[in-house]
Structure formats: structure tokens, C-alpha cells
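Trainee: Input file: data.txt. Contents: compact mmCIF, C-alpha atoms.
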```
# COMPACT_ATOMS: atom_id res chain seq x y z
CA MET G 24 144.85 162.38 256.51
CA GLN G 25 145.96 158.80 255.98
CA GLN G 26 144.19 156.98 253.19
CA ASN G 27 144.25 153.20 252.89
CA LYS G 28 142.35 152.63 249.67
CA TYR G 29 144.34 149.54 248.77
CA ASP G 30 142.71 147.51 251.55
CA ASP G 31 139.33 148.06 249.91
CA PRO G 32 138.67 144.58 248.40
CA ALA G 33 137.08 145.88 245.18
CA PHE G 34 139.80 148.47 244.58
CA PHE G 35 142.56 146.01 245.40
CA LEU G 36 141.13 143.52 242.91
CA GLU G 37 141.19 146.15 240.15
CA TYR G 38 144.72 147.23 241.07
CA SER G 39 145.94 143.63 241.10
CA GLN G 40 144.95 143.28 237.45
CA MET G 41 146.99 146.25 236.20
CA PRO G 42 149.97 145.32 233.99
CA ARG G 43 152.51 146.66 236.52
CA SER G 44 150.84 144.56 239.23
CA VAL G 45 150.88 141.38 237.15
CA HIS G 46 154.14 141.72 235.24
CA GLY G 47 156.18 143.84 237.63
CA LEU G 48 158.67 146.60 236.99
CA ASN G 49 159.14 146.02 233.28
CA ALA G 50 155.44 146.81 232.73
CA ALA G 51 155.88 150.21 234.40
CA GLY G 52 156.44 152.86 231.74
CA GLU G 53 158.74 154.95 233.95
CA TRP G 54 160.85 152.08 235.31
CA SER G 55 163.73 152.26 232.84
CA VAL G 56 164.36 155.88 233.87
CA PHE G 57 163.78 155.33 237.58
CA ARG G 58 166.25 152.44 237.57
CA ARG G 59 168.99 154.61 236.06
CA MET G 60 168.47 157.24 238.76
CA LEU G 61 169.13 154.80 241.59
CA PRO G 62 172.66 154.93 243.07
CA GLY G 63 174.93 151.94 243.55
CA LEU G 64 173.17 149.40 245.75
CA GLU G 65 175.92 146.92 246.60
CA GLY G 66 175.99 146.46 250.37
CA ALA G 67 173.45 149.23 250.97
CA HIS G 68 170.74 149.37 253.61
CA VAL G 69 167.64 150.48 251.70
CA LEU G 70 164.21 151.81 252.66
CA ASP G 71 161.23 151.59 250.28
CA LEU G 72 158.36 153.95 251.16
CA GLY G 73 155.08 152.62 249.81
CA CYS G 74 156.53 149.25 248.82
CA GLY G 75 153.29 147.73 247.54
CA PHE G 76 153.83 144.21 246.19
CA GLY G 77 157.55 144.40 246.94
CA TRP G 78 158.82 144.52 243.36
CA HIS G 79 161.37 147.23 244.09
CA CYS G 80 162.50 145.59 247.33
CA ARG G 81 163.31 142.38 245.51
CA TYR G 82 165.03 144.27 242.70
CA VAL G 83 167.46 146.11 244.96
CA ARG G 84 168.34 142.87 246.71
CA GLU G 85 169.14 141.38 243.31
CA GLN G 86 171.49 144.35 242.82
CA GLY G 87 173.39 143.53 246.00
CA ALA G 88 171.66 145.55 248.72
CA ALA G 89 172.48 144.17 252.17
CA MET G 90 169.13 144.82 253.86
CA VAL G 91 165.84 146.18 252.60
CA THR G 92 162.90 147.54 254.59
CA GLY G 93 159.58 147.98 252.82
CA VAL G 94 156.90 150.17 254.38
CA ASP G 95 153.26 150.26 253.34
CA ILE G 96 149.95 151.18 254.94
CA SER G 97 148.05 148.38 253.19
CA GLU G 98 147.89 144.95 254.76
CA LYS G 99 146.67 143.47 251.47
CA MET G 100 149.70 144.89 249.68
CA LEU G 101 152.06 143.52 252.32
CA GLU G 102 150.37 140.12 252.31
CA LYS G 103 151.05 139.86 248.58
CA ALA G 104 154.62 141.11 249.06
CA ARG G 105 155.33 138.49 251.72
CA GLN G 106 153.82 135.74 249.58
CA THR G 107 156.20 136.55 246.73
CA THR G 108 159.31 137.18 248.82
CA SER G 109 161.51 134.47 250.29
CA ASP G 110 164.47 136.51 251.46
CA PRO G 111 165.33 137.08 255.12
CA ALA G 112 167.17 140.28 254.18
CA ILE G 113 163.85 141.90 253.20
CA GLN G 114 161.46 142.98 255.96
CA TYR G 115 158.02 144.46 255.45
CA LEU G 116 156.47 146.86 257.97
CA ARG G 117 152.90 148.04 258.04
CA MET G 118 152.76 151.76 258.74
CA PRO G 119 151.78 154.98 256.97
CA ILE G 120 154.64 156.79 255.28
CA GLU G 121 153.80 159.83 257.41
CA ASP G 122 154.58 157.86 260.59
CA ILE G 123 158.11 156.69 259.81
CA GLY G 124 160.61 157.43 262.55
CA PHE G 125 163.74 155.43 261.82
CA PRO G 126 166.91 156.31 263.73
CA ALA G 127 169.38 158.74 262.25
CA ASN G 128 171.88 157.37 259.72
CA SER G 129 169.97 154.08 259.21
CA PHE G 130 170.06 153.85 255.41
CA GLU G 131 172.26 154.60 252.42
CA VAL G 132 169.28 154.71 250.04
CA VAL G 133 165.62 155.65 250.46
CA PHE G 134 163.25 155.48 247.52
CA SER G 135 159.54 155.71 246.89
CA SER G 136 157.54 154.78 243.81
CA LEU G 137 154.23 156.54 243.11
CA ALA G 138 153.22 156.93 246.75
CA LEU G 139 154.00 160.48 247.86
CA HIS G 140 150.98 162.00 246.09
CA TYR G 141 148.87 160.13 248.67
CA VAL G 142 150.80 161.70 251.56
CA GLY G 143 149.70 164.95 253.22
CA PRO G 144 152.77 166.17 255.19
CA TYR G 145 155.22 166.02 252.30
CA THR G 146 157.78 168.44 253.77
CA GLU G 147 157.76 166.55 257.07
CA VAL G 148 158.41 163.28 255.23
CA CYS G 149 161.34 164.93 253.42
CA ARG G 150 162.82 165.92 256.79
CA LYS G 151 162.32 162.42 258.20
CA VAL G 152 163.98 160.85 255.16
CA PHE G 153 166.90 163.27 255.43
CA ASN G 154 167.36 162.33 259.09
CA CYS G 155 167.36 158.57 258.56
CA LEU G 156 169.82 158.73 255.64
CA LYS G 157 173.54 158.49 256.21
CA PRO G 158 175.65 161.41 254.93
CA GLY G 159 176.05 160.96 251.19
CA GLY G 160 172.86 158.89 251.04
CA ALA G 161 170.33 159.13 248.22
CA PHE G 162 166.59 159.79 248.12
CA VAL G 163 164.97 158.83 244.81
CA PHE G 164 161.24 159.05 244.28
CA SER G 165 158.51 159.17 241.69
CA CYS G 166 155.12 160.82 242.06
CA GLU G 167 152.34 161.94 239.79
CA HIS G 168 153.37 165.04 237.86
CA PRO G 169 151.82 168.39 238.87
CA VAL G 170 150.52 168.76 235.31
CA PHE G 171 148.64 165.51 235.88
CA THR G 172 147.32 166.24 239.38
CA ALA G 173 146.21 169.87 238.92
CA LEU G 174 142.62 169.04 237.99
CA PRO G 175 140.62 166.42 239.90
CA GLN G 176 139.28 164.91 236.68
CA GLN G 177 142.73 163.77 235.56
CA ASP G 178 141.41 163.15 232.08
CA TRP G 179 141.77 164.33 228.50
CA PHE G 180 139.68 167.02 226.82
CA THR G 181 137.90 165.30 223.94
CA ASP G 182 135.87 166.29 220.91
CA GLY G 183 132.36 165.15 220.04
CA ASN G 184 133.72 161.86 218.71
CA GLY G 185 135.63 161.10 221.89
CA ASP G 186 139.02 161.77 220.30
CA ARG G 187 141.61 163.18 222.69
CA LEU G 188 142.43 166.79 221.84
CA HIS G 189 144.61 167.94 224.74
CA TRP G 190 145.32 167.55 228.43
CA PRO G 191 143.78 170.46 230.38
CA VAL G 192 145.74 172.20 233.13
CA ASP G 193 143.93 174.51 235.54
CA ARG G 194 144.02 175.40 239.26
CA TYR G 195 147.73 174.61 239.18
CA GLN G 196 148.57 177.04 241.99
CA ASP G 197 145.65 175.82 244.13
CA GLN G 198 147.52 173.14 246.08
CA GLY G 199 145.89 170.54 248.27
CA LEU G 200 143.52 167.60 248.18
CA ARG G 201 141.99 166.35 244.96
CA GLU G 202 139.23 163.76 244.86
CA THR G 203 139.73 161.89 241.62
CA SER G 204 138.76 158.60 240.00
CA PHE G 205 141.26 155.77 239.67
CA LEU G 206 140.26 152.31 238.48
CA GLY G 207 136.65 153.33 238.76
CA HIS G 208 136.93 154.28 242.44
CA SER G 209 137.08 157.59 244.27
CA VAL G 210 140.62 158.26 245.48
CA LEU G 211 142.11 161.18 247.40
CA LYS G 212 145.45 162.59 246.21
CA TYR G 213 147.47 165.72 246.92
CA HIS G 214 148.33 168.22 244.23
CA ARG G 215 151.59 170.11 244.74
CA THR G 216 153.40 172.48 242.43
CA LEU G 217 156.85 171.69 241.14
CA GLU G 218 158.11 174.53 243.34
CA THR G 219 156.71 172.86 246.47
CA LEU G 220 158.06 169.43 245.58
CA LEU G 221 161.60 170.65 244.94
CA ASN G 222 161.76 173.20 247.77
CA GLY G 223 160.55 170.55 250.18
CA LEU G 224 163.76 168.67 249.42
CA THR G 225 166.18 171.59 249.48
CA ASN G 226 164.64 173.02 252.66
CA ALA G 227 165.17 169.65 254.33
CA GLY G 228 168.87 169.85 253.39
CA PHE G 229 168.99 167.77 250.21
CA ARG G 230 170.91 168.59 247.07
CA ILE G 231 168.91 167.77 243.95
CA GLN G 232 170.92 165.57 241.59
CA SER G 233 168.55 165.02 238.67
CA ILE G 234 164.94 165.33 237.56
CA ALA G 235 163.07 163.33 234.93
CA GLU G 236 159.66 163.52 233.26
CA PRO G 237 159.74 160.13 231.53
CA GLN G 238 157.58 158.73 228.83
CA PRO G 239 157.17 155.03 228.08
CA ALA G 240 159.92 153.52 225.96
CA PRO G 241 158.90 152.43 222.43
CA ASP G 242 159.11 148.75 223.34
CA VAL G 243 156.77 149.32 226.30
CA ILE G 244 154.26 151.12 224.07
CA ALA G 245 154.50 148.30 221.54
CA GLN G 246 153.64 145.81 224.28
CA TYR G 247 150.98 148.02 225.89
CA PRO G 248 149.41 150.11 223.07
CA GLU G 249 147.03 151.79 225.53
CA MET G 250 150.05 153.80 226.72
CA LYS G 251 150.51 155.58 223.38
CA ASP G 252 149.09 158.89 224.62
CA GLU G 253 151.47 158.96 227.59
CA THR G 254 153.98 160.62 225.24
CA ARG G 255 151.79 163.73 224.93
CA ARG G 256 152.12 165.04 228.50
CA PRO G 257 154.08 164.05 231.59
CA ILE G 258 152.27 161.79 234.00
CA PHE G 259 155.16 161.17 236.41
CA LEU G 260 157.89 163.26 237.98
CA LEU G 261 161.09 161.52 239.11
CA VAL G 262 163.60 163.17 241.41
CA SER G 263 166.99 162.10 242.70
CA ALA G 264 168.40 163.97 245.70
CA GLN G 265 171.43 163.50 247.95
CA LYS G 266 172.18 164.20 251.61
CA PRO G 267 175.49 166.09 251.69
CA GLY G 268 178.42 164.37 253.30
```
What's the C-alpha cells form of this structure?

Mentor:
Amino acid sequence: MQQNKYDDPAFFLEYSQMPRSVHGLNAAGEWSVFRRMLPGLEGAHVLDLGCGFGWHCRYVREQGAAMVTGVDISEKMLEKARQTTSDPAIQYLRMPIEDIGFPANSFEVVFSSLALHYVGPYTEVCRKVFNCLKPGGAFVFSCEHPVFTALPQQDWFTDGNGDRLHWPVDRYQDQGLRETSFLGHSVLKYHRTLETLLNGLTNAGFRIQSIAEPQPAPDVIAQYPEMKDETRRPIFLLVSAQKPG
């Protein structure tokens, strides 16, 4: 199924007030690691799957990318992206990630930030990305970590005083839809095991280059103290893969 929660006005308003929405990439706890996993961008044709406000699209252009295509299902997201982008080398397309069908060998780099856990046909998307990449091209993505998505509650186990004791993991092998709460709204996400996420890439033909389970850097925690517990369990999984050639 294709979910477009970000065009819900109330949800979009809440999302727009998050630190990463207001302050951009430097307010994203995983960004410093994600940035290091990106390949050289000079002269590259780049595809961003789930581009949101366009922060990553603008970043890769600043790094010398020749052309950037941002794809998102949300018109509200794309409206904001277009308002904050004045660069003819960046184009934004409204479409679900599941529906991409770019010609073979269109891009040197494809990346996706925190969008694939909303996508049902993950293995099909991996195959489509592999097809539209040139030989030697890179696919770098982040998604919510399987430890984080296993239970629909996505919340800490607390004591009687409300103090956080541990992060519960259960139903890990039971893959599929999870109805969870995000920003006070009901949101549908897909839980997949680490095995499924990595085999989806290798079965499509990719070679996995690196994997990361980042935690916020100390300076990020100092600026956003509410992130202090993000060091106790992984919330994101980052993967870099390459198309042979």
C-alpha cells in the first residue's frame, strides 16, 4: 500500500516543527555518518528517493553533482522543497517510491533517507534502483533499524516513575506492517529483519560496501539533549551498496 501521511495538514504541521525539518541536515543525528557513506558526487547524476524538503538534493548539488532528481509522494513536501530551491539542476517529481521506472543507467548515485520503512515492495525497489544505476554506481540509504521497528509501540519500557529501563524487542521475525504512533498520529510502517534488508540488495545484484548503526554525535546531543537516550539502542540502519562494473 502507498501511504501519504505527510499531506495530512495536522501531521505535516507537527513534522515541520521537528529540529531536522527546521534546521536541516545538521540537526539529524545520523547525518554525519550518512554523509561519509556517500561516494564522490562531482559531476554525478543523482536520484533522491523520498526527498522531503529537499535538504539532501541541495547538499549534493553543493558537492558538485551535475543533476539531481528528487522523488516524493507528498505534494506538501515538494511544495516546501520547491520554495527553498532555486537551482535548475534540481528537479522534483511527485510519485511513490514504489512507482519509479527510470531508464537503465540513468544515475551514478541513488540515495534515500528514512523513507524505505514506509515502502511495501522493498525487494522490487532494490531491483529498480539497480536497473537505473550505471555500472559502478552507488545506492546509499537509511531506514529505521529492525530493533526499532519490531514492536508497533516503538517506545521504551519504563518503571513506575516513568524512568526508561530498556528498549523491548519482540516479534522480530514477524515481518510486515506495523501501525505505530509518530508525532501523535497513527502511521503505518514496515518491519523487516536485517536478513531481509541485506538480502534484498544482494539478490538484486548489489555488493554491500558498508553498514552503520549510528548514534548522535556528542555535539548533536549537547544541542538537542532530548536525544541522549539514542545512544542506548540503534534507531537507524545505514547501508552503502554498489552495482558491480

Trainee: I'd like to know which of G:Arg194, G:Arg201, G:His168, G:Lys28 is closest to Ile234 in chain G, using all atoms listed in the file.

Mentor: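 Checking each of G:Arg194, G:Arg201, G:His168, G:Lys28 against Ile234 in chain G, counting all atoms listed in the file, the winner is G:His168.
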
Trainee: I'd like the neighbourhood of Trp190 in chain G as number ranges by chain, where a residue qualifies if any of its atoms comes within 10 Å (using all atoms listed in the file), though same-chain residues fewer than 4 positions away should be ignored.

Mentor: G: 170-171, 177-181, 255-257

Trainee: Find the spatial neighbours of Pro241 in chain G, counting only C-alpha atoms, within a cut-off of 10 Å - ignore same-chain residues fewer than 3 positions away - and output them as a VMD selection string.

Mentor: chain G and resid 52 238 244 to 248 250 to 251 254

Trainee: Would you mind telling me which residue in G:Val83, G:Cys74, G:Met100, G:Val91 lies nearest to Ile120 in chain G when using only C-alpha atoms?

Mentor: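 That would be G:Cys74, the residue with the smallest distance to Ile120 in chain G.
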
Trainee: Residues near Lys103 in chain G, anyone? I mean within 9 Å using all atoms listed in the file, not counting same-chain ones fewer than 5 positions away, as a PyMOL selection string.

Mentor: chain G and resi 75-77+98+108

Trainee: Take the residues just selected and output them with C-alpha atoms as a compact mmCIF listing (two decimals), in the frame of the given file.

Mentor:
```
# COMPACT_ATOMS: atom_id res chain seq x y z
CA GLY G 75 153.29 147.73 247.54
CA PHE G 76 153.83 144.21 246.19
CA GLY G 77 157.55 144.40 246.94
CA GLU G 98 147.89 144.95 254.76
CA THR G 108 159.31 137.18 248.82
```

Trainee: Could you tell me which of G:Tyr82, G:Phe134, G:Tyr141, G:Tyr29 comes closest to Val94 in chain G if we count only C-alpha atoms?

Mentor: G:Phe134

Trainee: I want to know what sits within 7 Å of Glu65 in chain G, based on only C-alpha atoms, with residues of the same chain fewer than 4 positions away left out; could you give that as a PyMOL selection string?

Mentor: chain G and resi 86-88

Trainee: Need to verify the contact set: Val152 in chain G, 12 Å, only C-alpha atoms, exclusion of same-chain residues closer than 4 positions in sequence. Can you return it as a ChimeraX atom specification?

Mentor: /G:69-72,120-135,145-148,156-158,160-164,223-224,227-229,264-266

Trainee: Of the residues G:Met90, G:Ser39, G:Leu137, G:Ser97, which is the one nearest to Gln114 in chain G, using all atoms listed in the file?

Mentor: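 So, comparing all the options, the nearest one is G:Met90.
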
Trainee: Point out the residue among G:Leu206, G:Ala104, G:Met41, G:Leu200 with the least atom-to-atom distance to Ala173 in chain G, counting only C-alpha atoms.

Mentor: G:Leu200

Trainee: In Å, with one decimal, what is the gap from CA of Pro267 in chain G to CA of Glu167 in chain G?

Mentor: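 Going from CA of Pro267 in chain G over to CA of Glu167 in chain G covers 26.4 Å.
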
Trainee: Between CA of Pro175 in chain G and CA of Glu202 in chain G, what is the distance, to one decimal in Å?

Mentor: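 Interatomic distance here is 5.8 Å.
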
Trainee: What is the distance, in Å and to one decimal place, between CA of Ser263 in chain G and CA of Ser233 in chain G?

Mentor: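 These atoms are spaced 5.2 Å apart.
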
Trainee: With all atoms listed in the file as the basis for distance, which of G:Glu37, G:Pro62, G:Ala240, G:Thr172 is at the shortest distance from Thr203 in chain G?

Mentor: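 Of G:Glu37, G:Pro62, G:Ala240, G:Thr172, the one nearest Thr203 in chain G is G:Thr172, counting all atoms listed in the file.
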
Trainee: Please write as a PyMOL selection string the list of polymer residues whose atoms come within 6 Å of (159.2, 149.8, 256.7), counting all atoms listed in the file and keeping to the coordinates of the file.

Mentor: chain G and resi 92-94+115-116

Trainee: Based on the selection just made, write C-alpha atoms of those residues as a CSV table (one decimal), in the coordinates of the input.

Mentor:
```csv
chain,number,residue,atom,x,y,z
G,92,THR,CA,162.9,147.5,254.6
G,93,GLY,CA,159.6,148.0,252.8
G,94,VAL,CA,156.9,150.2,254.4
G,115,TYR,CA,158.0,144.5,255.4
G,116,LEU,CA,156.5,146.9,258.0
```
